[in-house]
$ cat work.pdb   # PDB, C-alpha atoms and all ligand atoms
ATOM      1  CA  MET B  25       5.994  19.882 -39.306
ATOM      2  CA  GLU B  26       5.906  21.853 -36.073
ATOM      3  CA  LYS B  27       5.856  19.655 -33.011
ATOM      4  CA  LEU B  28       2.262  19.369 -31.837
ATOM      5  CA  ARG B  29       1.113  20.711 -28.482
ATOM      6  CA  TYR B  30      -1.753  19.166 -26.544
ATOM      7  CA  PHE B  31      -4.391  20.379 -24.075
ATOM      8  CA  ASP B  32      -4.406  17.907 -21.167
ATOM      9  CA  THR B  33      -7.961  18.242 -19.856
ATOM     10  CA  HIS B  34      -7.549  15.983 -16.803
ATOM     11  CA  SER B  35      -4.514  15.396 -14.581
ATOM     12  CA  HIS B  36      -3.378  14.963 -10.987
ATOM     13  CA  TYR B  37      -0.001  16.743 -10.825
ATOM     14  CA  ASN B  38      -0.367  17.197  -7.072
ATOM     15  CA  ASP B  39      -0.037  13.399  -6.696
ATOM     16  CA  ARG B  40       2.785  12.300  -4.353
ATOM     17  CA  ARG B  41       4.291  10.317  -7.227
ATOM     18  CA  PHE B  42       5.432  13.625  -8.743
ATOM     19  CA  ASP B  43       7.171  14.774  -5.528
ATOM     20  CA  GLY B  44      10.761  15.779  -6.142
ATOM     21  CA  GLN B  45      10.294  16.198  -9.904
ATOM     22  CA  ARG B  46       7.011  18.156 -10.205
ATOM     23  CA  GLU B  47       8.415  21.602 -11.042
ATOM     24  CA  GLU B  48      11.096  20.283 -13.387
ATOM     25  CA  LEU B  49       8.517  18.138 -15.200
ATOM     26  CA  LEU B  50       5.886  20.909 -15.514
ATOM     27  CA  ASP B  51       8.525  23.424 -16.690
ATOM     28  CA  ARG B  52       9.550  20.994 -19.439
ATOM     29  CA  LEU B  53       5.965  20.066 -20.418
ATOM     30  CA  PHE B  54       4.892  23.710 -20.730
ATOM     31  CA  ALA B  55       8.037  24.455 -22.760
ATOM     32  CA  GLU B  56       7.692  21.511 -25.155
ATOM     33  CA  ASP B  57       4.531  19.395 -25.016
ATOM     34  CA  VAL B  58       1.381  21.063 -23.767
ATOM     35  CA  THR B  59      -0.711  24.146 -24.380
ATOM     36  CA  CYS B  60      -2.751  23.933 -21.181
ATOM     37  CA  ILE B  61      -3.342  21.526 -18.298
ATOM     38  CA  VAL B  62      -6.407  21.163 -16.079
ATOM     39  CA  GLY B  63      -5.737  19.617 -12.665
ATOM     40  CA  ALA B  64      -8.699  17.667 -11.241
ATOM     41  CA  ALA B  65      -9.234  17.691  -7.477
ATOM     42  CA  THR B  66     -10.526  14.820  -5.331
ATOM     43  CA  THR B  67     -10.915  16.683  -1.975
ATOM     44  CA  THR B  68     -10.823  20.340  -0.896
ATOM     45  CA  ALA B  69      -7.238  19.846   0.398
ATOM     46  CA  ASP B  70      -6.334  18.479  -3.025
ATOM     47  CA  ALA B  71      -8.099  21.428  -4.697
ATOM     48  CA  ARG B  72      -5.878  23.862  -2.743
ATOM     49  CA  GLU B  73      -2.789  22.117  -4.155
ATOM     50  CA  HIS B  74      -4.122  22.462  -7.712
ATOM     51  CA  ILE B  75      -4.912  26.139  -7.128
ATOM     52  CA  ALA B  76      -1.318  26.661  -5.901
ATOM     53  CA  LEU B  77      -0.018  25.070  -9.140
ATOM     54  CA  ALA B  78      -2.426  27.254 -11.153
ATOM     55  CA  GLU B  79      -1.018  30.333  -9.423
ATOM     56  CA  ARG B  80       2.516  29.275 -10.365
ATOM     57  CA  TYR B  81       1.902  28.261 -14.027
ATOM     58  CA  PRO B  82      -0.055  30.628 -16.341
ATOM     59  CA  ASN B  83      -1.527  27.742 -18.391
ATOM     60  CA  TYR B  84      -2.409  25.436 -15.483
ATOM     61  CA  TYR B  85      -6.070  25.542 -14.440
ATOM     62  CA  ALA B  86      -7.939  23.829 -11.611
ATOM     63  CA  ALA B  87     -11.172  21.884 -11.262
ATOM     64  CA  VAL B  88     -12.436  21.720  -7.675
ATOM     65  CA  GLY B  89     -14.690  18.976  -6.341
ATOM     66  CA  ILE B  90     -15.010  15.825  -4.250
ATOM     67  CA  HIS B  91     -14.330  12.478  -5.954
ATOM     68  CA  PRO B  92     -16.735   9.686  -4.897
ATOM     69  CA  GLY B  93     -13.821   7.574  -3.629
ATOM     70  CA  ASN B  94     -12.609  10.409  -1.355
ATOM     71  CA  ILE B  95     -15.892  11.284   0.397
ATOM     72  CA  ALA B  96     -14.897   9.549   3.677
ATOM     73  CA  GLU B  97     -11.566  11.412   3.725
ATOM     74  CA  GLN B  98     -13.364  14.708   3.025
ATOM     75  CA  MET B  99     -15.931  14.050   5.794
ATOM     76  CA  GLU B 100     -13.122  13.819   8.363
ATOM     77  CA  LYS B 101     -12.487  17.530   7.654
ATOM     78  CA  SER B 102     -15.965  18.901   6.913
ATOM     79  CA  ASP B 103     -19.523  17.772   6.267
ATOM     80  CA  LEU B 104     -21.332  18.060   2.937
ATOM     81  CA  SER B 105     -22.841  21.518   3.415
ATOM     82  CA  GLU B 106     -19.563  23.024   4.711
ATOM     83  CA  THR B 107     -17.738  21.410   1.801
ATOM     84  CA  ILE B 108     -20.134  22.903  -0.751
ATOM     85  CA  GLU B 109     -19.557  26.383   0.719
ATOM     86  CA  THR B 110     -15.770  25.856   0.519
ATOM     87  CA  LEU B 111     -16.075  24.795  -3.139
ATOM     88  CA  ARG B 112     -18.318  27.801  -3.853
ATOM     89  CA  ARG B 113     -15.612  30.142  -2.498
ATOM     90  CA  MET B 114     -12.910  28.350  -4.512
ATOM     91  CA  LEU B 115     -14.913  28.883  -7.722
ATOM     92  CA  GLU B 116     -14.329  32.626  -7.332
ATOM     93  CA  HIS B 117     -10.610  32.070  -8.033
ATOM     94  CA  PRO B 118      -9.821  33.183 -11.625
ATOM     95  CA  LYS B 119      -7.885  29.970 -12.431
ATOM     96  CA  VAL B 120     -10.675  27.630 -11.251
ATOM     97  CA  VAL B 121     -12.587  26.597 -14.368
ATOM     98  CA  ALA B 122     -14.799  23.626 -13.394
ATOM     99  CA  ILE B 123     -16.349  21.516 -10.643
ATOM    100  CA  GLY B 124     -14.654  18.118 -10.540
ATOM    101  CA  GLU B 125     -13.920  15.481 -10.427
ATOM    102  CA  ILE B 126     -17.299  14.342  -9.169
ATOM    103  CA  GLY B 127     -19.400  11.291  -9.926
ATOM    104  CA  LEU B 128     -20.048   7.704  -8.897
ATOM    105  CA  ASP B 129     -17.592   4.819  -8.491
ATOM    106  CA  TYR B 130     -19.061   1.371  -7.829
ATOM    107  CA  TYR B 131     -15.840  -0.495  -8.663
ATOM    108  CA  TRP B 132     -14.100  -0.282  -5.271
ATOM    109  CA  GLU B 133     -15.878  -2.159  -2.475
ATOM    110  CA  ASP B 134     -14.553   0.140   0.254
ATOM    111  CA  ASN B 135     -16.034   3.256  -1.397
ATOM    112  CA  PRO B 136     -18.943   4.876   0.464
ATOM    113  CA  PRO B 137     -22.427   3.327   0.044
ATOM    114  CA  ARG B 138     -24.121   4.225  -3.234
ATOM    115  CA  GLU B 139     -26.707   6.450  -1.528
ATOM    116  CA  VAL B 140     -23.937   8.545   0.056
ATOM    117  CA  GLN B 141     -22.125   8.886  -3.270
ATOM    118  CA  LYS B 142     -25.365   9.970  -4.954
ATOM    119  CA  GLU B 143     -26.051  12.568  -2.244
ATOM    120  CA  TRP B 144     -22.604  14.177  -2.740
ATOM    121  CA  LEU B 145     -22.936  14.079  -6.517
ATOM    122  CA  HIS B 146     -26.388  15.661  -6.359
ATOM    123  CA  ALA B 147     -25.175  18.502  -4.095
ATOM    124  CA  GLN B 148     -22.253  19.250  -6.432
ATOM    125  CA  LEU B 149     -24.542  19.209  -9.492
ATOM    126  CA  VAL B 150     -26.790  21.712  -7.698
ATOM    127  CA  LEU B 151     -23.702  23.885  -7.110
ATOM    128  CA  ALA B 152     -22.974  23.662 -10.854
ATOM    129  CA  GLU B 153     -26.564  24.662 -11.627
ATOM    130  CA  GLU B 154     -26.332  27.647  -9.288
ATOM    131  CA  THR B 155     -22.917  28.872 -10.482
ATOM    132  CA  GLY B 156     -22.987  27.888 -14.169
ATOM    133  CA  TYR B 157     -19.591  26.142 -14.041
ATOM    134  CA  PRO B 158     -19.054  22.985 -16.129
ATOM    135  CA  VAL B 159     -18.542  19.677 -14.293
ATOM    136  CA  VAL B 160     -15.956  16.928 -14.750
ATOM    137  CA  ILE B 161     -17.650  13.549 -14.322
ATOM    138  CA  HIS B 162     -16.003  10.366 -13.023
ATOM    139  CA  ASP B 163     -18.078   7.273 -13.826
ATOM    140  CA  ARG B 164     -16.738   3.835 -12.985
ATOM    141  CA  ASP B 165     -19.157   0.902 -13.275
ATOM    142  CA  ALA B 166     -22.040   3.286 -12.524
ATOM    143  CA  HIS B 167     -23.206   4.298 -16.004
ATOM    144  CA  GLY B 168     -26.970   3.996 -15.389
ATOM    145  CA  ASP B 169     -26.951   5.963 -12.135
ATOM    146  CA  VAL B 170     -24.619   8.642 -13.563
ATOM    147  CA  PHE B 171     -26.901   9.028 -16.555
ATOM    148  CA  ASP B 172     -29.938   9.392 -14.251
ATOM    149  CA  ALA B 173     -28.171  11.977 -12.073
ATOM    150  CA  LEU B 174     -27.185  14.072 -15.111
ATOM    151  CA  THR B 175     -30.694  13.740 -16.547
ATOM    152  CA  ALA B 176     -32.096  15.084 -13.261
ATOM    153  CA  HIS B 177     -29.973  18.254 -13.741
ATOM    154  CA  PRO B 178     -30.632  19.164 -17.373
ATOM    155  CA  LYS B 179     -29.067  22.619 -17.126
ATOM    156  CA  VAL B 180     -25.666  21.232 -16.108
ATOM    157  CA  ARG B 181     -23.019  20.704 -18.807
ATOM    158  CA  GLY B 182     -19.544  19.272 -18.668
ATOM    159  CA  VAL B 183     -17.312  16.418 -19.664
ATOM    160  CA  LEU B 184     -17.381  12.665 -19.154
ATOM    161  CA  HIS B 185     -13.749  12.031 -18.228
ATOM    162  CA  SER B 186     -11.808   8.953 -19.388
ATOM    163  CA  CYS B 187     -15.007   7.786 -21.000
ATOM    164  CA  SER B 188     -15.812   4.081 -20.730
ATOM    165  CA  CYS B 189     -19.559   4.265 -21.253
ATOM    166  CA  SER B 190     -21.593   2.857 -24.097
ATOM    167  CA  PRO B 191     -21.909   4.559 -27.501
ATOM    168  CA  GLU B 192     -25.647   4.970 -26.706
ATOM    169  CA  MET B 193     -24.985   6.950 -23.519
ATOM    170  CA  VAL B 194     -22.332   9.003 -25.297
ATOM    171  CA  SER B 195     -24.665   9.981 -28.120
ATOM    172  CA  GLN B 196     -27.484  10.890 -25.697
ATOM    173  CA  LEU B 197     -25.228  13.206 -23.682
ATOM    174  CA  VAL B 198     -23.566  14.731 -26.742
ATOM    175  CA  LYS B 199     -27.047  15.660 -27.986
ATOM    176  CA  ARG B 200     -27.554  17.550 -24.726
ATOM    177  CA  GLY B 201     -24.348  19.547 -25.153
ATOM    178  CA  TRP B 202     -21.887  17.379 -23.235
ATOM    179  CA  TYR B 203     -18.205  16.831 -24.064
ATOM    180  CA  VAL B 204     -16.470  13.455 -23.939
ATOM    181  CA  SER B 205     -12.813  12.981 -23.004
ATOM    182  CA  PHE B 206     -10.610   9.992 -23.797
ATOM    183  CA  SER B 207      -7.478   8.821 -21.990
ATOM    184  CA  GLY B 208      -4.728   6.298 -22.703
ATOM    185  CA  VAL B 209      -7.317   3.542 -22.178
ATOM    186  CA  ILE B 210      -8.196   3.776 -25.894
ATOM    187  CA  THR B 211      -4.722   2.387 -26.702
ATOM    188  CA  TYR B 212      -5.239  -0.773 -24.581
ATOM    189  CA  LYS B 213      -5.956  -4.064 -26.292
ATOM    190  CA  ASN B 214      -8.569  -4.937 -23.644
ATOM    191  CA  ALA B 215     -10.351  -1.543 -23.790
ATOM    192  CA  ALA B 216     -13.898  -2.692 -24.266
ATOM    193  CA  ARG B 217     -16.094   0.195 -25.363
ATOM    194  CA  ALA B 218     -13.921   3.305 -25.346
ATOM    195  CA  PRO B 219     -12.544   2.854 -28.902
ATOM    196  CA  GLU B 220     -16.108   2.508 -30.226
ATOM    197  CA  ALA B 221     -17.185   5.659 -28.409
ATOM    198  CA  VAL B 222     -14.175   7.592 -29.827
ATOM    199  CA  LYS B 223     -15.543   7.105 -33.323
ATOM    200  CA  ILE B 224     -18.995   8.564 -32.686
ATOM    201  CA  VAL B 225     -18.282  11.777 -30.744
ATOM    202  CA  PRO B 226     -18.721  14.840 -33.010
ATOM    203  CA  SER B 227     -15.514  16.789 -33.745
ATOM    204  CA  ASP B 228     -16.595  19.786 -31.717
ATOM    205  CA  ARG B 229     -17.198  17.708 -28.531
ATOM    206  CA  ILE B 230     -14.157  15.461 -28.200
ATOM    207  CA  LEU B 231     -11.332  16.026 -25.702
ATOM    208  CA  ILE B 232      -8.154  14.189 -24.712
ATOM    209  CA  GLU B 233      -6.546  13.730 -21.302
ATOM    210  CA  THR B 234      -3.894  11.788 -19.427
ATOM    211  CA  ASP B 235      -5.498  11.306 -15.958
ATOM    212  CA  CYS B 236      -1.829  11.189 -14.953
ATOM    213  CA  PRO B 237      -0.107   9.708 -13.006
ATOM    214  CA  TYR B 238      -2.602   6.942 -13.954
ATOM    215  CA  LEU B 239      -3.568   5.324 -17.279
ATOM    216  CA  SER B 240      -0.317   5.578 -19.272
ATOM    217  CA  PRO B 241      -1.020   4.837 -22.928
ATOM    218  CA  VAL B 242       0.695   2.071 -24.865
ATOM    219  CA  PRO B 243       3.766   2.017 -25.243
ATOM    220  CA  MET B 244       4.279   3.681 -21.819
ATOM    221  CA  ARG B 245       1.843   1.425 -19.965
ATOM    222  CA  GLY B 246       2.999   0.602 -16.423
ATOM    223  CA  LYS B 247       5.082   3.790 -16.058
ATOM    224  CA  THR B 248       4.061   7.030 -14.302
ATOM    225  CA  ASN B 249       1.961   8.904 -16.849
ATOM    226  CA  HIS B 250       2.429  12.606 -17.735
ATOM    227  CA  SER B 251       1.142  15.008 -20.392
ATOM    228  CA  GLY B 252       4.096  14.286 -22.697
ATOM    229  CA  ASN B 253       2.382  10.960 -23.444
ATOM    230  CA  LEU B 254      -0.724  12.609 -24.937
ATOM    231  CA  CYS B 255       0.862  12.144 -28.374
ATOM    232  CA  TYR B 256       0.061   8.405 -28.218
ATOM    233  CA  THR B 257      -3.557   8.919 -27.167
ATOM    234  CA  ALA B 258      -4.105  11.653 -29.769
ATOM    235  CA  ALA B 259      -2.564   9.538 -32.546
ATOM    236  CA  LYS B 260      -4.787   6.565 -31.646
ATOM    237  CA  ALA B 261      -7.939   8.702 -31.475
ATOM    238  CA  ALA B 262      -7.212  10.415 -34.812
ATOM    239  CA  GLU B 263      -6.520   6.999 -36.385
ATOM    240  CA  LEU B 264      -9.792   5.531 -35.055
ATOM    241  CA  ARG B 265     -11.680   8.568 -36.380
ATOM    242  CA  GLY B 266      -9.851   8.647 -39.711
ATOM    243  CA  GLU B 267      -8.824  12.278 -39.144
ATOM    244  CA  ASP B 268      -5.636  14.227 -39.763
ATOM    245  CA  LEU B 269      -3.642  14.283 -36.505
ATOM    246  CA  GLU B 270      -2.784  17.987 -36.453
ATOM    247  CA  ALA B 271      -6.359  19.014 -37.271
ATOM    248  CA  PHE B 272      -7.611  16.694 -34.519
ATOM    249  CA  VAL B 273      -5.178  18.123 -31.955
ATOM    250  CA  ARG B 274      -6.085  21.738 -32.823
ATOM    251  CA  GLN B 275      -9.785  20.867 -32.622
ATOM    252  CA  THR B 276      -9.450  19.207 -29.185
ATOM    253  CA  HIS B 277      -7.572  22.300 -27.970
ATOM    254  CA  ALA B 278     -10.363  24.567 -29.244
ATOM    255  CA  ASN B 279     -13.026  22.338 -27.650
ATOM    256  CA  ALA B 280     -11.296  22.356 -24.263
ATOM    257  CA  CYS B 281     -10.944  26.158 -24.372
ATOM    258  CA  LYS B 282     -14.649  26.498 -25.129
ATOM    259  CA  LEU B 283     -15.710  24.120 -22.345
ATOM    260  CA  PHE B 284     -13.469  25.710 -19.687
ATOM    261  CA  GLY B 285     -13.920  29.331 -20.816
ATOM    262  CA  ILE B 286     -10.264  29.881 -21.774
ATOM    263  CA  GLU B 287      -9.182  32.051 -24.708
ATOM    264  CA  ASP B 288      -8.463  29.809 -27.728
ATOM    265  CA  ASP B 289      -5.115  30.760 -29.208
ATOM    266  CA  TYR B 290      -3.333  27.544 -30.185
ATOM    267  CA  ASP B 291      -0.538  29.178 -32.178
ATOM    268  CA  ARG B 292       0.479  31.315 -29.225
ATOM    269  CA  HIS B 293       1.726  28.103 -27.603
ATOM    270  CA  LEU B 294       3.986  27.041 -30.498
TER     271      LEU B 294
HETATM  272 ZN    ZN B 301      -8.805  11.727 -12.440
END

$ encode --input "work.pdb" --output "structure tokens" --more "lines below"
Ligand SMILES: [Zn+2]
Amino acid sequence: MEKLRYFDTHSHYNDRRFDGQREELLDRLFAEDVTCIVGAATTTADAREHIALAERYPNYYAAVGIHPGNIAEQMEKSDLSETIETLRRMLEHPKVVAIGEIGLDYYWEDNPPREVQKEWLHAQLVLAEETGYPVVIHDRDAHGDVFDALTAHPKVRGVLHSCSCSPEMVSQLVKRGWYVSFSGVITYKNAARAPEAVKIVPSDRILIETDCPYLSPVPMRGKTNHSGNLCYTAAKAAELRGEDLEAFVRQTHANACKLFGIEDDYDRHL
């Protein structure tokens, strides 16, 4: 069998942990392991780094947005309305395919107050409404409020990244046209709800991702993650769903292309 290639729908290759090996690693991944990679930004400075990578690699794409945990850092450079205008300009770049990662994160105590996080999420969802771009949603311990925010913007579509929400929330959002992406977390013994959610997402709405350098799947847990480890996450997801691995991988590639508006041509990458 041909070696499978994977679409990594969520990564952070601008992370300092890749310094000194970034180009060598991405050259190898694009030659051997991946079809496409989407880099997810956390600030506008971060977004510029992803856009630079997208300009260097034909199959690297960027999502631009402000992560809830990075709002304070972003505010040192520009306020909310200035930031939205910067993001709007970035969306004109041909390799920028989504607004993200945006959302709510109630896990870390030193994150901004919930009201501030909600204000930034709302403004970025309005930008998505106005521009028609899909969004990449980060939701950590904030499922109810994320669900309410998405419900308040019914025209916005996108992906729940590294999904950890309940099967009920997943099925509600899937009904409204949302995609759901799973990371290495589904391979963890203590993963509470993600493996259950993997089983219920329809074939045409499921995606896979690394969220690298974070969330290395078993058996690479504890090491710096990269897209070459998507084989473990894909194998686990296909097993949980009772699907053929190659068919699953081709389907997730097609789904990602549809969501991000990229031409779907899996065999071109082989
Ligand atoms: Zn991420």

$ atom_distance --input "work.pdb" --atom1 "atom CA of B:His167" --atom2 "atom CA of B:His91"
15.7 Å

$ residues_near_ligand --input "work.pdb" --ligand "ligand ZN 301 (chain B)" --cutoff "10 Å" --atoms "only C-alpha atoms and all ligand atoms" --output "MDAnalysis selection string"
chainID B and resid 33:36 63:66 91 124:126 160:162 185:186 233:239

$ atom_distance --input "work.pdb" --atom1 "atom CA of B:Ser205" --atom2 "atom CA of B:Gly246"
21.1 Å

$ residues_around --input "work.pdb" --residues "B:Ile108" --least-positions-apart "6" --cutoff "10 Å" --atoms "only C-alpha atoms" --output "PyMOL selection string"
chain B and resi 68+89-90+102+114+144+147-148+150-151

$ resolve_selection --input "work.pdb" --expression "the PyMOL selection byres (((chain B and resi 198-204) around 8) and not hetatm)" --output "PDB file with C-alpha atoms, keeping the file's coordinate frame"
ATOM      1  CA  ARG B 181     -23.019  20.704 -18.807  1.00  0.00           C
ATOM      2  CA  GLY B 182     -19.544  19.272 -18.668  1.00  0.00           C
ATOM      3  CA  VAL B 183     -17.312  16.418 -19.664  1.00  0.00           C
ATOM      4  CA  LEU B 184     -17.381  12.665 -19.154  1.00  0.00           C
ATOM      5  CA  HIS B 185     -13.749  12.031 -18.228  1.00  0.00           C
ATOM      6  CA  SER B 186     -11.808   8.953 -19.388  1.00  0.00           C
ATOM      7  CA  CYS B 187     -15.007   7.786 -21.000  1.00  0.00           C
ATOM      8  CA  VAL B 194     -22.332   9.003 -25.297  1.00  0.00           C
ATOM      9  CA  SER B 195     -24.665   9.981 -28.120  1.00  0.00           C
ATOM     10  CA  GLN B 196     -27.484  10.890 -25.697  1.00  0.00           C
ATOM     11  CA  LEU B 197     -25.228  13.206 -23.682  1.00  0.00           C
ATOM     12  CA  SER B 205     -12.813  12.981 -23.004  1.00  0.00           C
ATOM     13  CA  PHE B 206     -10.610   9.992 -23.797  1.00  0.00           C
ATOM     14  CA  VAL B 225     -18.282  11.777 -30.744  1.00  0.00           C
ATOM     15  CA  PRO B 226     -18.721  14.840 -33.010  1.00  0.00           C
ATOM     16  CA  ARG B 229     -17.198  17.708 -28.531  1.00  0.00           C
ATOM     17  CA  ILE B 230     -14.157  15.461 -28.200  1.00  0.00           C
ATOM     18  CA  LEU B 231     -11.332  16.026 -25.702  1.00  0.00           C
ATOM     19  CA  LEU B 283     -15.710  24.120 -22.345  1.00  0.00           C
TER      20      LEU B 283
END

$ residues_around --input "work.pdb" --residues "B:Arg40" --least-positions-apart "3" --cutoff "12 Å" --atoms "only C-alpha atoms" --output "list of chain:residue names"
B:His36, B:Tyr37, B:Asp43, B:Gly44, B:Gln45, B:Arg46, B:Asp70, B:Glu73, B:Cys236, B:Pro237, B:Thr248

$ write_last_selection --input "work.pdb" --atoms "C-alpha atoms" --output "CSV table (one decimal), keeping the file's coordinate frame"
chain,number,residue,atom,x,y,z
B,36,HIS,CA,-3.4,15.0,-11.0
B,37,TYR,CA,0.0,16.7,-10.8
B,43,ASP,CA,7.2,14.8,-5.5
B,44,GLY,CA,10.8,15.8,-6.1
B,45,GLN,CA,10.3,16.2,-9.9
B,46,ARG,CA,7.0,18.2,-10.2
B,70,ASP,CA,-6.3,18.5,-3.0
B,73,GLU,CA,-2.8,22.1,-4.2
B,236,CYS,CA,-1.8,11.2,-15.0
B,237,PRO,CA,-0.1,9.7,-13.0
B,248,THR,CA,4.1,7.0,-14.3

$ residues_near_point --input "work.pdb" --point "(-7.8, 5.6, -36.3)" --cutoff "12 Å" --atoms "only C-alpha atoms" --output "ChimeraX atom specification"
/B:210-211,219-220,222-223,256-269,272

$ atom_distance --input "work.pdb" --atom1 "atom CA of B:Ala221" --atom2 "atom CA of B:Pro191"
4.9 Å

$ closest_residue --input "work.pdb" --among "B:His146, B:Thr155, B:Pro241, B:Ala78" --to "B:Glu116" --atoms "all atoms listed in the file"
B:Thr155

$ resolve_selection --input "work.pdb" --expression "the PyMOL selection byres (((chain B and resi 29) around 7) and not hetatm)" --output "PDB file with C-alpha atoms, in the frame of the given file"
ATOM      1  CA  LYS B  27       5.856  19.655 -33.011  1.00  0.00           C
ATOM      2  CA  LEU B  28       2.262  19.369 -31.837  1.00  0.00           C
ATOM      3  CA  TYR B  30      -1.753  19.166 -26.544  1.00  0.00           C
ATOM      4  CA  ASP B  57       4.531  19.395 -25.016  1.00  0.00           C
ATOM      5  CA  VAL B  58       1.381  21.063 -23.767  1.00  0.00           C
ATOM      6  CA  THR B  59      -0.711  24.146 -24.380  1.00  0.00           C
TER       7      THR B  59
END

$ residues_around --input "work.pdb" --residues "B:Leu77" --least-positions-apart "2" --cutoff "12 Å" --atoms "all atoms listed in the file" --output "PyMOL selection string"
chain B and resi 35-39+46-47+50-51+61-65+70-75+79-87+119-120

$ decode --input "work.pdb" --residues "stretch 270-287 of chain B" --atoms "N, CA and C atoms" --output "PDB file, in the first residue's frame"
ATOM      1  N   GLU B 270      -7.398   3.963   5.089  1.00  0.00           N
ATOM      2  CA  GLU B 270      -7.105   4.794   3.913  1.00  0.00           C
ATOM      3  C   GLU B 270      -8.335   5.603   3.489  1.00  0.00           C
ATOM      4  N   ALA B 271      -9.502   4.968   3.533  1.00  0.00           N
ATOM      5  CA  ALA B 271     -10.729   5.690   3.161  1.00  0.00           C
ATOM      6  C   ALA B 271     -10.966   6.853   4.125  1.00  0.00           C
ATOM      7  N   PHE B 272     -10.706   6.607   5.406  1.00  0.00           N
ATOM      8  CA  PHE B 272     -10.877   7.656   6.422  1.00  0.00           C
ATOM      9  C   PHE B 272      -9.922   8.829   6.159  1.00  0.00           C
ATOM     10  N   VAL B 273      -8.675   8.508   5.858  1.00  0.00           N
ATOM     11  CA  VAL B 273      -7.669   9.559   5.635  1.00  0.00           C
ATOM     12  C   VAL B 273      -8.011  10.382   4.392  1.00  0.00           C
ATOM     13  N   ARG B 274      -8.420   9.711   3.307  1.00  0.00           N
ATOM     14  CA  ARG B 274      -8.832  10.439   2.096  1.00  0.00           C
ATOM     15  C   ARG B 274     -10.048  11.327   2.363  1.00  0.00           C
ATOM     16  N   GLN B 275     -10.991  10.790   3.163  1.00  0.00           N
ATOM     17  CA  GLN B 275     -12.197  11.566   3.473  1.00  0.00           C
ATOM     18  C   GLN B 275     -11.852  12.803   4.312  1.00  0.00           C
ATOM     19  N   THR B 276     -10.971  12.656   5.306  1.00  0.00           N
ATOM     20  CA  THR B 276     -10.617  13.820   6.139  1.00  0.00           C
ATOM     21  C   THR B 276      -9.880  14.863   5.302  1.00  0.00           C
ATOM     22  N   HIS B 277      -9.095  14.411   4.316  1.00  0.00           N
ATOM     23  CA  HIS B 277      -8.422  15.355   3.419  1.00  0.00           C
ATOM     24  C   HIS B 277      -9.474  16.129   2.600  1.00  0.00           C
ATOM     25  N   ALA B 278     -10.440  15.396   2.058  1.00  0.00           N
ATOM     26  CA  ALA B 278     -11.487  16.038   1.252  1.00  0.00           C
ATOM     27  C   ALA B 278     -12.293  17.032   2.098  1.00  0.00           C
ATOM     28  N   ASN B 279     -12.606  16.646   3.332  1.00  0.00           N
ATOM     29  CA  ASN B 279     -13.373  17.520   4.226  1.00  0.00           C
ATOM     30  C   ASN B 279     -12.615  18.814   4.508  1.00  0.00           C
ATOM     31  N   ALA B 280     -11.323  18.679   4.806  1.00  0.00           N
ATOM     32  CA  ALA B 280     -10.515  19.862   5.125  1.00  0.00           C
ATOM     33  C   ALA B 280     -10.448  20.795   3.915  1.00  0.00           C
ATOM     34  N   CYS B 281     -10.279  20.213   2.715  1.00  0.00           N
ATOM     35  CA  CYS B 281     -10.228  21.034   1.501  1.00  0.00           C
ATOM     36  C   CYS B 281     -11.532  21.807   1.323  1.00  0.00           C
ATOM     37  N   LYS B 282     -12.651  21.129   1.584  1.00  0.00           N
ATOM     38  CA  LYS B 282     -13.951  21.776   1.426  1.00  0.00           C
ATOM     39  C   LYS B 282     -14.100  22.927   2.424  1.00  0.00           C
ATOM     40  N   LEU B 283     -13.773  22.652   3.695  1.00  0.00           N
ATOM     41  CA  LEU B 283     -13.909  23.683   4.728  1.00  0.00           C
ATOM     42  C   LEU B 283     -13.050  24.905   4.408  1.00  0.00           C
ATOM     43  N   PHE B 284     -11.782  24.678   4.010  1.00  0.00           N
ATOM     44  CA  PHE B 284     -10.845  25.793   3.847  1.00  0.00           C
ATOM     45  C   PHE B 284     -10.800  26.330   2.411  1.00  0.00           C
ATOM     46  N   GLY B 285     -11.634  25.761   1.514  1.00  0.00           N
ATOM     47  CA  GLY B 285     -11.680  26.292   0.153  1.00  0.00           C
ATOM     48  C   GLY B 285     -10.418  26.014  -0.648  1.00  0.00           C
ATOM     49  N   ILE B 286      -9.853  24.811  -0.460  1.00  0.00           N
ATOM     50  CA  ILE B 286      -8.636  24.407  -1.176  1.00  0.00           C
ATOM     51  C   ILE B 286      -9.037  23.321  -2.174  1.00  0.00           C
ATOM     52  N   GLU B 287      -8.394  23.311  -3.341  1.00  0.00           N
ATOM     53  CA  GLU B 287      -8.714  22.288  -4.337  1.00  0.00           C
ATOM     54  C   GLU B 287      -8.399  20.900  -3.779  1.00  0.00           C
TER      55      GLU B 287
END
